[in-house]
Amino acid sequence: MALKTFKPTTPTNRYKEWNSFEEITKHSPEKSLTVALRKSGGRNNTGRITCRHIGGGHDRRYRLIDFKRSRRDEAAKVVGIEYDPNRSARIALVEYKDGQRAYILAPNSLAVGALVMAGEKAAPDVGNALPLSKIPLGTSIHNIELSPGKGGVVARAAGQAAVLSNREGDFALVRMPSGEIRKILSVCYATIGQVGNIEHMNVVSAKAGRTRWLGTRPTVRGMCMNPIDHPNGGGEGRSKSGGGRQHLLSPWGHAKGEKTRNKKKATNKLIIQGRNAKK
């Protein structure tokens, strides 16, 4: 995927770098594989805002993605590559011999007309899903299961890929996109290749309106607020709460960067090397 730039005919176009969408081959979704997506505005079932800066945005329908790759040892043909407004990655529409269709995450370099398969008998080719025990060491993988049969939950965003680095008994050692090395059961499935749309991180929207189209509302810095509204608010001019140096806090007083993972979490024993370990 490539990004396109624009002539600086307007202040927005001067800095804008936008998707070329050249990999998109199908421009309307498969209606049978979509469901209505209701907006919450960041509010929970009692009406309280639990996630700030959410609201508005263009109407969407949710695409039902087959993260489990549930049909095993059956080849499916890639019918089209589509844009999905609900995720940064592209999705691929595949069709099985009996006519059934499904959506999967589109890995980089997957083309229309290619055949993909899931199962122990599948070859370790791009787009195929195999158990970690059947994947060659050093292979880039995505859409990785953490629990057998639950479906892929790791490395699903645009451009992400993990690496199968080793095996120890019933476990495979996988280097996550974050750099963390983690044990995962070898019977868990993963898909070969890197998630497509790899230039997504370099997109520059260049105007606030486009952010609103995506459903993100404005964010006000805590320093600009009054002391009653935020721990970093107040003071004469630019200051950290009254002129004294103060650590940056969240609106509820938690220090930014504070570790929130439970030290007694059962899965801690599966982490071989943390993501912040020195290289």
# chains A, B, ... in the order shown; residues from 1 in each chain; ligands from 1

$ select_by_dssp --residues "stretch 98-228 of chain A" --states "strand (DSSP E)" --output "MDAnalysis selection string"
chainID A and resid 101:105 115:116 129:131 140:142 162:168 171:175 181:185 189:192

$ closest_atom_pairs --of "stretch 10-100 of chain A" --to "stretch 138-144 of chain A" --cutoff "10 Å" --atoms "only C-alpha atoms" --output "tab-separated table"
residue	atom	partner	partner_atom	distance
A:Phe67	CA	A:Asn143	CA	7.0
A:Lys68	CA	A:Asn143	CA	8.9
A:Arg69	CA	A:Asn143	CA	9.9

$ residues_around --residues "A:Val163" --least-positions-apart "4" --cutoff "12 Å" --atoms "only C-alpha atoms" --output "VMD selection string"
chain A and resid 132 135 to 144 154 to 155 167 172 to 182 190 to 194

$ closest_atom_pairs --of "stretch 164-263 of chain A" --to "stretch 18-25 of chain A" --cutoff "12 Å" --atoms "only C-alpha atoms" --output "tab-separated table"
residue	atom	partner	partner_atom	distance
A:Gly196	CA	A:Glu23	CA	9.6
A:Asn197	CA	A:Glu23	CA	8.7
A:Ile198	CA	A:Asn19	CA	10.7
A:Glu199	CA	A:Asn19	CA	8.2
A:His200	CA	A:Asn19	CA	7.7
A:Met201	CA	A:Asn19	CA	10.7
A:Asn202	CA	A:Trp18	CA	8.6
A:Val203	CA	A:Trp18	CA	5.5
A:Val204	CA	A:Trp18	CA	6.5
A:Ser205	CA	A:Trp18	CA	6.9
A:Ala206	CA	A:Trp18	CA	9.3
A:Lys207	CA	A:Trp18	CA	11.7
A:Arg210	CA	A:Trp18	CA	11.1

$ atom_distance --atom1 "atom CA of A:Ile81" --atom2 "atom CA of A:Leu93"
6.3 Å

$ closest_residue --among "A:Cys224, A:Leu185, A:Val195, A:Ala75" --to "A:Ala161" --atoms "only C-alpha atoms"
A:Val195

$ atom_distance --atom1 "atom CA of A:Lys77" --atom2 "atom CA of A:Gly119"
15.4 Å

$ closest_residue --among "A:Ala106, A:Val187, A:Ala2, A:Val153" --to "A:Gly169" --atoms "only C-alpha atoms"
A:Val187

$ residues_around --residues "A:Ala122" --least-positions-apart "2" --cutoff "10 Å" --atoms "only C-alpha atoms" --output "PDB file with C-alpha atoms, in the first residue's frame"
ATOM      1  CA  ARG A  72     -10.501 -26.525   8.381  1.00  0.00           C
ATOM      2  CA  ASP A  73      -8.725 -28.283   5.519  1.00  0.00           C
ATOM      3  CA  GLU A  74     -10.927 -26.550   2.935  1.00  0.00           C
ATOM      4  CA  ALA A  75      -9.450 -24.184   0.372  1.00  0.00           C
ATOM      5  CA  VAL A 116      -6.134 -19.798   1.418  1.00  0.00           C
ATOM      6  CA  MET A 117      -6.682 -22.670   3.817  1.00  0.00           C
ATOM      7  CA  ALA A 118      -6.801 -23.317   7.543  1.00  0.00           C
ATOM      8  CA  GLY A 119      -5.766 -26.613   9.125  1.00  0.00           C
ATOM      9  CA  GLU A 120      -2.826 -28.827   9.987  1.00  0.00           C
ATOM     10  CA  PRO A 124       2.917 -22.336   5.479  1.00  0.00           C
ATOM     11  CA  ASP A 125       1.964 -19.778   2.823  1.00  0.00           C
ATOM     12  CA  ASN A 128      -3.014 -19.820   5.573  1.00  0.00           C
ATOM     13  CA  ALA A 129      -3.789 -20.589   9.231  1.00  0.00           C
ATOM     14  CA  LEU A 130      -1.934 -23.396  11.017  1.00  0.00           C
ATOM     15  CA  PRO A 131      -1.251 -24.545  14.582  1.00  0.00           C
ATOM     16  CA  LYS A 134       3.211 -26.803  12.281  1.00  0.00           C
ATOM     17  CA  ILE A 135       4.685 -23.372  11.473  1.00  0.00           C
TER      18      ILE A 135
END

$ atom_distance --atom1 "atom CA of A:Gly80" --atom2 "atom CA of A:Val94"
7.3 Å

$ closest_residue --among "A:Arg217, A:Tyr83, A:Leu248, A:Thr34" --to "A:Cys51" --atoms "only C-alpha atoms"
A:Arg217

$ closest_residue --among "A:Arg101, A:Lys7, A:Lys150, A:Arg90" --to "A:Leu33" --atoms "only C-alpha atoms"
A:Arg101

$ closest_residue --among "A:Glu30, A:Glu168, A:Glu236, A:Asp59" --to "A:Ala102" --atoms "only C-alpha atoms"
A:Glu30
